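One file, start-v4.cif, carrying mmCIF, C-alpha atoms:
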```
data_model
loop_
_atom_site.group_PDB
_atom_site.id
_atom_site.type_symbol
_atom_site.label_atom_id
_atom_site.label_comp_id
_atom_site.auth_asym_id
_atom_site.auth_seq_id
_atom_site.Cartn_x
_atom_site.Cartn_y
_atom_site.Cartn_z
ATOM 1 C CA MET B 43 96.021 65.328 -9.735
ATOM 2 C CA LYS B 44 99.366 64.526 -8.155
ATOM 3 C CA ARG B 45 100.167 68.248 -7.870
ATOM 4 C CA PHE B 46 96.799 68.916 -6.256
ATOM 5 C CA ALA B 47 97.274 66.093 -3.784
ATOM 6 C CA PHE B 48 100.754 67.396 -2.921
ATOM 7 C CA PHE B 49 99.503 70.912 -2.205
ATOM 8 C CA SER B 50 96.618 69.499 -0.190
ATOM 9 C CA CYS B 51 99.067 67.584 2.024
ATOM 10 C CA ILE B 52 101.145 70.733 2.563
ATOM 11 C CA ALA B 53 98.041 72.730 3.479
ATOM 12 C CA VAL B 54 96.918 70.116 6.015
ATOM 13 C CA THR B 55 100.376 70.003 7.532
ATOM 14 C CA ILE B 56 100.498 73.818 7.949
ATOM 15 C CA PHE B 57 96.985 73.880 9.462
ATOM 16 C CA CYS B 58 97.824 71.140 11.981
ATOM 17 C CA SER B 59 101.044 72.847 12.936
ATOM 18 C CA ALA B 60 99.204 76.123 13.482
ATOM 19 C CA LEU B 61 96.476 74.409 15.499
ATOM 20 C CA PHE B 62 99.029 72.598 17.656
ATOM 21 C CA ALA B 63 100.918 75.784 18.269
ATOM 22 C CA GLY B 64 97.694 77.548 19.275
ATOM 23 C CA CYS B 65 96.778 74.803 21.747
ATOM 24 C CA GLU B 66 100.238 74.859 23.309
ATOM 25 C CA THR B 67 100.108 78.574 23.780
ATOM 26 C CA LEU B 68 96.703 78.266 25.473
ATOM 27 C CA ASP B 69 97.943 75.489 27.773
ATOM 28 C CA ASN B 70 101.004 77.501 28.791
ATOM 29 C CA THR B 71 98.808 80.487 29.628
ATOM 30 C CA GLU B 72 96.506 78.496 31.910
ATOM 31 C CA ALA B 73 99.388 76.700 33.593
ATOM 32 C CA THR B 74 101.003 80.013 34.727
ATOM 33 C CA PRO B 75 99.545 80.980 38.124
ATOM 34 C CA THR B 76 97.993 84.412 38.297
ATOM 35 C CA GLN B 77 100.228 86.741 40.371
ATOM 36 C CA THR B 78 98.372 89.110 42.650
ATOM 37 C CA THR B 79 99.893 92.001 44.470
ATOM 38 C CA GLN B 80 99.082 91.870 48.217
ATOM 39 C CA ALA B 81 99.483 94.939 50.353
ATOM 40 C CA VAL B 82 101.715 94.019 53.272
ATOM 41 C CA THR B 83 100.409 95.657 56.444
ATOM 42 C CA ARG B 84 103.133 95.995 59.059
ATOM 43 C CA PRO B 85 102.133 95.735 62.698
ATOM 44 C CA SER B 86 101.617 99.207 64.108
ATOM 45 C CA GLN B 87 104.368 100.381 66.409
ATOM 46 C CA PRO B 88 103.153 101.458 69.847
ATOM 47 C CA ALA B 89 103.364 105.180 70.265
ATOM 48 C CA GLN B 90 106.441 106.095 72.207
ATOM 49 C CA THR B 91 105.626 108.019 75.322
ATOM 50 C CA ALA B 92 107.976 110.127 77.314
ATOM 51 C CA PRO B 93 109.441 108.262 80.280
ATOM 52 C CA LYS B 94 107.575 108.887 83.506
ATOM 53 C CA THR B 95 109.331 111.130 85.915
ATOM 54 C CA THR B 96 108.969 110.164 89.535
ATOM 55 C CA THR B 97 108.893 112.957 92.043
ATOM 56 C CA THR B 98 110.514 112.155 95.327
ATOM 57 C CA LYS B 99 108.612 113.560 98.274
ATOM 58 C CA THR B 100 110.876 115.216 100.741
ATOM 59 C CA ASN B 101 109.773 115.567 104.322
ATOM 60 C CA THR B 102 110.053 119.177 105.347
ATOM 61 C CA PRO B 103 111.682 119.412 108.777
ATOM 62 C CA LYS B 104 109.271 120.587 111.462
ATOM 63 C CA THR B 105 109.897 123.979 112.943
ATOM 64 C CA GLU B 106 109.961 124.701 116.659
ATOM 65 C CA ALA B 107 106.525 126.306 116.301
ATOM 66 C CA ASP B 108 105.188 123.096 114.691
ATOM 67 C CA LEU B 109 106.528 120.987 117.548
ATOM 68 C CA GLU B 110 105.075 123.284 120.202
ATOM 69 C CA TYR B 111 101.695 123.173 118.482
ATOM 70 C CA GLU B 112 101.762 119.357 118.489
ATOM 71 C CA LYS B 113 102.689 119.312 122.192
ATOM 72 C CA SER B 114 99.926 121.762 123.041
ATOM 73 C CA VAL B 115 97.134 119.763 121.385
ATOM 74 C CA GLY B 116 98.716 116.344 121.941
ATOM 75 C CA SER B 117 96.453 115.342 124.841
ATOM 76 C CA LEU B 118 93.288 115.922 122.818
ATOM 77 C CA SER B 119 91.827 112.811 121.172
ATOM 78 C CA THR B 120 89.841 114.959 118.768
ATOM 79 C CA SER B 121 90.119 118.676 118.385
ATOM 80 C CA SER B 122 89.146 121.521 116.131
ATOM 81 C CA ILE B 123 92.109 123.567 117.344
ATOM 82 C CA SER B 124 94.011 124.721 114.288
ATOM 83 C CA LYS B 125 97.537 126.041 114.386
ATOM 84 C CA GLU B 126 96.185 129.554 113.862
ATOM 85 C CA THR B 127 93.773 129.168 116.804
ATOM 86 C CA PHE B 128 96.609 127.844 118.954
ATOM 87 C CA GLU B 129 98.781 130.850 118.150
ATOM 88 C CA GLU B 130 95.904 133.215 118.875
ATOM 89 C CA ASP B 131 95.009 131.560 122.202
ATOM 90 C CA LYS B 132 98.639 131.418 123.230
ATOM 91 C CA ALA B 133 99.154 135.131 122.585
ATOM 92 C CA ILE B 134 96.023 136.083 124.564
ATOM 93 C CA ILE B 135 96.792 133.834 127.527
ATOM 94 C CA LEU B 136 100.460 134.775 127.833
ATOM 95 C CA GLN B 137 99.419 138.428 127.708
ATOM 96 C CA LYS B 138 97.006 137.806 130.579
ATOM 97 C CA VAL B 139 99.775 136.076 132.532
ATOM 98 C CA GLU B 140 101.956 139.165 132.172
ATOM 99 C CA GLU B 141 99.104 141.338 133.381
ATOM 100 C CA LEU B 142 98.489 139.031 136.329
ATOM 101 C CA ASP B 143 102.149 139.207 137.287
ATOM 102 C CA ALA B 144 101.902 143.011 137.452
ATOM 103 C CA ILE B 145 98.652 142.753 139.461
ATOM 104 C CA MET B 146 100.311 140.429 141.970
ATOM 105 C CA ARG B 147 103.273 142.748 142.439
ATOM 106 C CA GLN B 148 100.861 145.595 143.096
ATOM 107 C CA LYS B 149 98.679 143.353 145.284
ATOM 108 C CA ASN B 150 95.686 144.699 143.401
ATOM 109 C CA TYR B 151 92.981 142.362 144.658
ATOM 110 C CA LYS B 152 90.044 144.161 142.984
ATOM 111 C CA LYS B 153 91.691 143.936 139.582
ATOM 112 C CA TRP B 154 92.682 140.315 140.148
ATOM 113 C CA VAL B 155 89.073 139.224 140.779
ATOM 114 C CA THR B 156 88.061 140.408 137.299
ATOM 115 C CA TYR B 157 90.351 137.738 135.795
ATOM 116 C CA LEU B 158 88.637 134.845 137.615
ATOM 117 C CA ASP B 159 85.788 132.641 136.426
ATOM 118 C CA ASP B 160 82.613 132.741 138.505
ATOM 119 C CA ASP B 161 82.932 129.175 139.787
ATOM 120 C CA SER B 162 86.351 129.936 141.283
ATOM 121 C CA ILE B 163 85.093 133.022 143.075
ATOM 122 C CA LYS B 164 82.155 131.137 144.537
ATOM 123 C CA TYR B 165 84.238 128.148 145.622
ATOM 124 C CA TRP B 166 87.018 130.110 147.346
ATOM 125 C CA GLN B 167 84.678 132.446 149.140
ATOM 126 C CA ASN B 168 83.548 129.420 151.109
ATOM 127 C CA LYS B 169 85.251 129.588 154.543
ATOM 128 C CA SER B 170 85.353 125.822 154.908
ATOM 129 C CA ASN B 171 87.388 125.524 151.709
ATOM 130 C CA LEU B 172 89.659 128.346 152.847
ATOM 131 C CA GLN B 173 90.338 126.603 156.172
ATOM 132 C CA ASN B 174 91.130 123.351 154.413
ATOM 133 C CA ILE B 175 93.659 124.951 152.091
ATOM 134 C CA ALA B 176 95.204 126.872 155.008
ATOM 135 C CA SER B 177 95.978 123.604 156.758
ATOM 136 C CA LYS B 178 98.054 122.519 153.740
ATOM 137 C CA LEU B 179 100.235 125.637 153.651
ATOM 138 C CA PRO B 180 103.830 125.524 154.949
ATOM 139 C CA VAL B 181 103.084 128.421 157.339
ATOM 140 C CA LYS B 182 101.383 126.814 160.326
ATOM 141 C CA GLY B 183 98.569 128.617 162.133
ATOM 142 C CA LEU B 184 97.766 130.881 159.176
ATOM 143 C CA LYS B 185 94.076 131.631 158.893
ATOM 144 C CA LEU B 186 92.312 132.377 155.627
ATOM 145 C CA ASN B 187 88.926 134.005 156.017
ATOM 146 C CA THR B 188 88.306 135.698 152.684
ATOM 147 C CA LEU B 189 89.056 135.362 149.014
ATOM 148 C CA GLU B 190 91.448 138.282 149.396
ATOM 149 C CA ASP B 191 93.394 136.239 151.950
ATOM 150 C CA TYR B 192 93.605 133.465 149.382
ATOM 151 C CA PHE B 193 94.957 135.976 146.854
ATOM 152 C CA ASN B 194 97.629 137.303 149.211
ATOM 153 C CA TYR B 195 98.825 134.071 150.813
ATOM 154 C CA VAL B 196 98.129 131.321 148.272
ATOM 155 C CA PHE B 197 97.896 132.736 144.789
ATOM 156 C CA ILE B 198 100.695 135.327 144.918
ATOM 157 C CA GLY B 199 103.170 133.180 146.811
ATOM 158 C CA SER B 200 103.071 130.345 144.276
ATOM 159 C CA ARG B 201 103.069 132.398 141.062
ATOM 160 C CA VAL B 202 104.612 135.842 141.249
ATOM 161 C CA GLY B 203 107.781 136.179 139.184
ATOM 162 C CA ARG B 204 107.401 132.748 137.569
ATOM 163 C CA THR B 205 108.213 132.291 133.867
ATOM 164 C CA VAL B 206 105.304 131.057 131.760
ATOM 165 C CA ASN B 207 106.063 130.447 128.089
ATOM 166 C CA GLN B 208 103.645 127.879 126.681
ATOM 167 C CA ILE B 209 100.086 126.590 126.839
ATOM 168 C CA ARG B 210 98.758 123.041 126.923
ATOM 169 C CA TYR B 211 95.165 122.216 126.008
ATOM 170 C CA ILE B 212 93.146 120.075 128.395
ATOM 171 C CA THR B 213 90.061 120.452 126.221
ATOM 172 C CA ASP B 214 89.150 122.918 123.493
ATOM 173 C CA THR B 215 88.012 125.341 126.217
ATOM 174 C CA GLN B 216 90.465 124.507 129.030
ATOM 175 C CA VAL B 217 94.149 125.369 128.915
ATOM 176 C CA ASN B 218 97.097 125.132 131.269
ATOM 177 C CA ALA B 219 99.668 127.918 131.107
ATOM 178 C CA VAL B 220 103.035 126.337 131.826
ATOM 179 C CA GLN B 221 106.741 126.866 132.166
ATOM 180 C CA ALA B 222 107.952 124.459 129.509
ATOM 181 C CA SER B 223 111.413 122.931 129.444
ATOM 182 C CA ALA B 224 113.058 119.991 127.705
ATOM 183 C CA THR B 225 112.205 117.655 130.582
ATOM 184 C CA ARG B 226 108.870 118.809 132.016
ATOM 185 C CA ASP B 227 106.033 121.325 132.073
ATOM 186 C CA VAL B 228 105.255 123.170 135.315
ATOM 187 C CA VAL B 229 101.645 124.347 135.504
ATOM 188 C CA TYR B 230 101.113 127.796 137.036
ATOM 189 C CA TYR B 231 97.684 128.769 135.702
ATOM 190 C CA THR B 232 94.573 127.112 134.373
ATOM 191 C CA PHE B 233 92.299 129.063 132.033
ATOM 192 C CA TYR B 234 88.701 128.307 131.094
ATOM 193 C CA LYS B 235 87.060 129.842 128.053
ATOM 194 C CA VAL B 236 83.838 131.460 129.284
ATOM 195 C CA ASN B 237 81.585 133.201 126.765
ATOM 196 C CA GLY B 238 84.495 133.517 124.359
ATOM 197 C CA GLU B 239 86.915 134.961 126.967
ATOM 198 C CA TRP B 240 89.783 133.209 128.730
ATOM 199 C CA LYS B 241 89.327 133.353 132.524
ATOM 200 C CA VAL B 242 91.595 132.115 135.315
ATOM 201 C CA HIS B 243 90.264 128.991 137.002
ATOM 202 C CA LEU B 244 91.452 128.387 140.574
ATOM 203 C CA ARG B 245 91.763 124.673 141.151
ATOM 204 C CA THR B 246 89.487 123.270 143.818
ATOM 205 C CA LEU B 247 90.662 120.995 146.623
ATOM 206 C CA GLU B 248 89.229 118.064 144.677
ATOM 207 C CA GLU B 249 91.227 119.017 141.589
ATOM 208 C CA MET B 250 94.539 119.382 143.433
#
```

Please go through the file and, once you have read it, give me the structure as structure tokens.
Amino acid sequence: MKRFAFFSCIAVTIFCSALFAGCETLDNTEATPTQTTQAVTRPSQPAQTAPKTTTTKTNTPKTEADLEYEKSVGSLSTSSISKETFEEDKAIILQKVEELDAIMRQKNYKKWVTYLDDDSIKYWQNKSNLQNIASKLPVKGLKLNTLEDYFNYVFIGSRVGRTVNQIRYITDTQVNAVQASATRDVVYYTFYKVNGEWKVHLRTLEEM
């Protein structure tokens, strides 16, 4: 009986030790925090863009032709006159001035009349207007009776041999042909555009 009791005590001791060890292992397992692997997301880097290149606008110097164009249309508040139209009108008018200079040297009255607008012909055929302009001429006592007299004594004397090199717009259809210099413009002719053609307009007494 003593031997049985001794072995029974040993068995109980081993069982308790094993049970205690099992409980301790379980407690240690629960006490250890569970480690989780978290994916670390780094903030996205802004895409690098190429540095902006700034283009410096350079003002192209104006040519002499540009400046003359601006002078020619400068008196117009609004205009549809392009640079190309200006160049075209200028070429036509200066050509007519050259032709008129030859006509004056030849004293070709019949040819000269074809260059005039109708209003000018009508106005200066009026004897009253001719007498009024005659009184303003430096030659005293000169009588003007016809438009041909006006051509010979007024028109030729003030224009023949003069240099005309530029035009100046009064309106889109009225142009002065001038001798342009650095200081002033001297007007020698006025042209009106009539039915698409440039005609010489003789200034009236009221326009002088």

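On the file presented, the PyMOL selection byres ((chain B and resi 176-187) around 12) picks out Trp166, Gln167, Asn168, Lys169, Ser170, Asn171, Leu172, Gln173, Asn174, Ile175, Thr188, Leu189, Glu190, Asp191, Tyr192, Phe193, Asn194, Tyr195, Val196, Phe197, Gly199, Ser200, Leu247 and Met250 of chain B.
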
Would you export the selected residues with C-alpha atoms as a compact mmCIF listing (two decimals), in the coordinates of the input, please?
```
# COMPACT_ATOMS: atom_id res chain seq x y z
CA TRP B 166 87.02 130.11 147.35
CA GLN B 167 84.68 132.45 149.14
CA ASN B 168 83.55 129.42 151.11
CA LYS B 169 85.25 129.59 154.54
CA SER B 170 85.35 125.82 154.91
CA ASN B 171 87.39 125.52 151.71
CA LEU B 172 89.66 128.35 152.85
CA GLN B 173 90.34 126.60 156.17
CA ASN B 174 91.13 123.35 154.41
CA ILE B 175 93.66 124.95 152.09
CA THR B 188 88.31 135.70 152.68
CA LEU B 189 89.06 135.36 149.01
CA GLU B 190 91.45 138.28 149.40
CA ASP B 191 93.39 136.24 151.95
CA TYR B 192 93.60 133.46 149.38
CA PHE B 193 94.96 135.98 146.85
CA ASN B 194 97.63 137.30 149.21
CA TYR B 195 98.82 134.07 150.81
CA VAL B 196 98.13 131.32 148.27
CA PHE B 197 97.90 132.74 144.79
CA GLY B 199 103.17 133.18 146.81
CA SER B 200 103.07 130.34 144.28
CA LEU B 247 90.66 121.00 146.62
CA MET B 250 94.54 119.38 143.43
```

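Picture a line from atom CA of Tyr157 of chain B to atom CA of Val206 of chain B; it runs 16.9 Å.
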
- Item | Expansion of the PyMOL selection byres ((chain B and resi 235) around 12) into residues, as an MDAnalysis selection string | chainID B and resid 131 134:135 157:160 211:218 232:234 236:243

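Of the residues under consideration (B:Thr246, B:Lys125, B:Arg204, B:Asp161), B:Arg204 shows the shortest atom-to-atom contact distance to Ala144 of chain B when counting all atoms listed in the file.
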
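Nearest to Val139 of chain B of all the residues B:Ser162, B:Trp154, B:Ala224, B:Val115 is B:Trp154, based on all atoms listed in the file.
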
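With the shown file loaded, the PyMOL selection byres ((chain B and resi 223) around 12) picks out B:Glu110, B:Lys113, B:Thr205, B:Val206, B:Asn207, B:Gln208, B:Val220, B:Gln221, B:Ala222, B:Ala224, B:Thr225, B:Arg226, B:Asp227, B:Val228, B:Val229.
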
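Taking atom CA of Phe128 of chain B as the reference point, atom CA of Val202 of chain B is found at 25.0 Å.
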
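A straight line drawn from atom CA of Ile145 of chain B to atom CA of Lys132 of chain B is 19.8 Å long.
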
- Message: I'd like the contact shell of Glu112 of chain B - 12 Å cut-off, all atoms listed in the file, skipping same-chain residues fewer than 5 positions apart - returned as a ChimeraX atom specification.
- Response: /B:104-107,117-118,121,123-125,128-129,208-211

Prev. selection, C-alpha atoms, output as a compact mmCIF listing (two decimals), in the coordinates of the input:
```
# COMPACT_ATOMS: atom_id res chain seq x y z
CA LYS B 104 109.27 120.59 111.46
CA THR B 105 109.90 123.98 112.94
CA GLU B 106 109.96 124.70 116.66
CA ALA B 107 106.52 126.31 116.30
CA SER B 117 96.45 115.34 124.84
CA LEU B 118 93.29 115.92 122.82
CA SER B 121 90.12 118.68 118.38
CA ILE B 123 92.11 123.57 117.34
CA SER B 124 94.01 124.72 114.29
CA LYS B 125 97.54 126.04 114.39
CA PHE B 128 96.61 127.84 118.95
CA GLU B 129 98.78 130.85 118.15
CA GLN B 208 103.64 127.88 126.68
CA ILE B 209 100.09 126.59 126.84
CA ARG B 210 98.76 123.04 126.92
CA TYR B 211 95.16 122.22 126.01
```

Completion of segment 129-140 of chain B up to all heavy atoms, as a compact mmCIF listing (two decimals), keeping the file's coordinate frame:
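The result, written out as out_0.txt:
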```
# COMPACT_ATOMS: atom_id res chain seq x y z
N GLU B 129 97.94 129.66 118.06
CA GLU B 129 98.78 130.85 118.15
C GLU B 129 98.00 132.02 118.75
O GLU B 129 98.53 132.80 119.56
CB GLU B 129 99.32 131.23 116.76
CG GLU B 129 100.28 130.21 116.15
CD GLU B 129 101.63 130.18 116.86
OE1 GLU B 129 101.86 131.02 117.75
OE2 GLU B 129 102.44 129.31 116.53
N GLU B 130 96.74 132.13 118.36
CA GLU B 130 95.90 133.22 118.88
C GLU B 130 95.65 133.05 120.37
O GLU B 130 95.80 134.00 121.16
CB GLU B 130 94.58 133.26 118.11
CG GLU B 130 93.65 134.38 118.55
CD GLU B 130 92.34 134.38 117.79
OE1 GLU B 130 92.27 133.72 116.73
OE2 GLU B 130 91.40 135.05 118.25
N ASP B 131 95.26 131.83 120.78
CA ASP B 131 95.01 131.56 122.20
C ASP B 131 96.27 131.76 123.04
O ASP B 131 96.22 132.33 124.13
CB ASP B 131 94.50 130.12 122.38
CG ASP B 131 93.07 129.95 121.88
OD1 ASP B 131 92.36 130.97 121.70
OD2 ASP B 131 92.67 128.79 121.66
N LYS B 132 97.37 131.29 122.51
CA LYS B 132 98.64 131.42 123.23
C LYS B 132 98.99 132.88 123.47
O LYS B 132 99.38 133.27 124.59
CB LYS B 132 99.75 130.73 122.44
CG LYS B 132 101.13 130.85 123.08
CD LYS B 132 102.18 130.15 122.22
CE LYS B 132 103.57 130.40 122.75
NZ LYS B 132 104.61 129.73 121.92
N ALA B 133 98.83 133.71 122.45
CA ALA B 133 99.15 135.13 122.58
C ALA B 133 98.26 135.80 123.63
O ALA B 133 98.74 136.59 124.47
CB ALA B 133 99.01 135.83 121.24
N ILE B 134 96.97 135.48 123.61
CA ILE B 134 96.02 136.08 124.56
C ILE B 134 96.35 135.65 125.99
O ILE B 134 96.40 136.48 126.92
CB ILE B 134 94.58 135.70 124.20
CG1 ILE B 134 94.18 136.35 122.87
CG2 ILE B 134 93.62 136.10 125.31
CD1 ILE B 134 92.84 135.86 122.32
N ILE B 135 96.57 134.36 126.17
CA ILE B 135 96.79 133.83 127.53
C ILE B 135 98.12 134.31 128.11
O ILE B 135 98.18 134.71 129.28
CB ILE B 135 96.71 132.29 127.50
CG1 ILE B 135 95.26 131.88 127.27
CG2 ILE B 135 97.24 131.69 128.79
CD1 ILE B 135 95.06 130.41 126.99
N LEU B 136 99.17 134.30 127.31
CA LEU B 136 100.46 134.78 127.83
C LEU B 136 100.40 136.27 128.15
O LEU B 136 101.08 136.74 129.08
CB LEU B 136 101.58 134.46 126.83
CG LEU B 136 101.89 132.98 126.62
CD1 LEU B 136 103.13 132.82 125.74
CD2 LEU B 136 102.09 132.25 127.94
N GLN B 137 99.61 137.01 127.40
CA GLN B 137 99.42 138.43 127.71
C GLN B 137 98.72 138.59 129.06
O GLN B 137 99.10 139.44 129.88
CB GLN B 137 98.61 139.10 126.60
CG GLN B 137 98.29 140.58 126.85
CD GLN B 137 99.53 141.45 126.97
OE1 GLN B 137 100.52 141.23 126.27
NE2 GLN B 137 99.47 142.45 127.86
N LYS B 138 97.71 137.76 129.30
CA LYS B 138 97.01 137.81 130.58
C LYS B 138 97.93 137.42 131.73
O LYS B 138 97.83 137.99 132.85
CB LYS B 138 95.77 136.89 130.54
CG LYS B 138 94.62 137.43 129.71
CD LYS B 138 93.42 136.51 129.75
CE LYS B 138 92.25 137.09 128.97
NZ LYS B 138 91.65 138.26 129.66
N VAL B 139 98.82 136.48 131.49
CA VAL B 139 99.78 136.08 132.53
C VAL B 139 100.68 137.25 132.90
O VAL B 139 100.98 137.49 134.08
CB VAL B 139 100.60 134.86 132.07
CG1 VAL B 139 101.77 134.59 133.01
CG2 VAL B 139 99.71 133.62 131.98
N GLU B 140 101.13 137.98 131.91
CA GLU B 140 101.96 139.16 132.17
C GLU B 140 101.18 140.20 133.00
O GLU B 140 101.73 140.81 133.93
CB GLU B 140 102.42 139.80 130.86
CG GLU B 140 103.49 139.01 130.13
CD GLU B 140 104.02 139.76 128.91
OE1 GLU B 140 103.75 140.98 128.80
OE2 GLU B 140 104.68 139.13 128.08
```
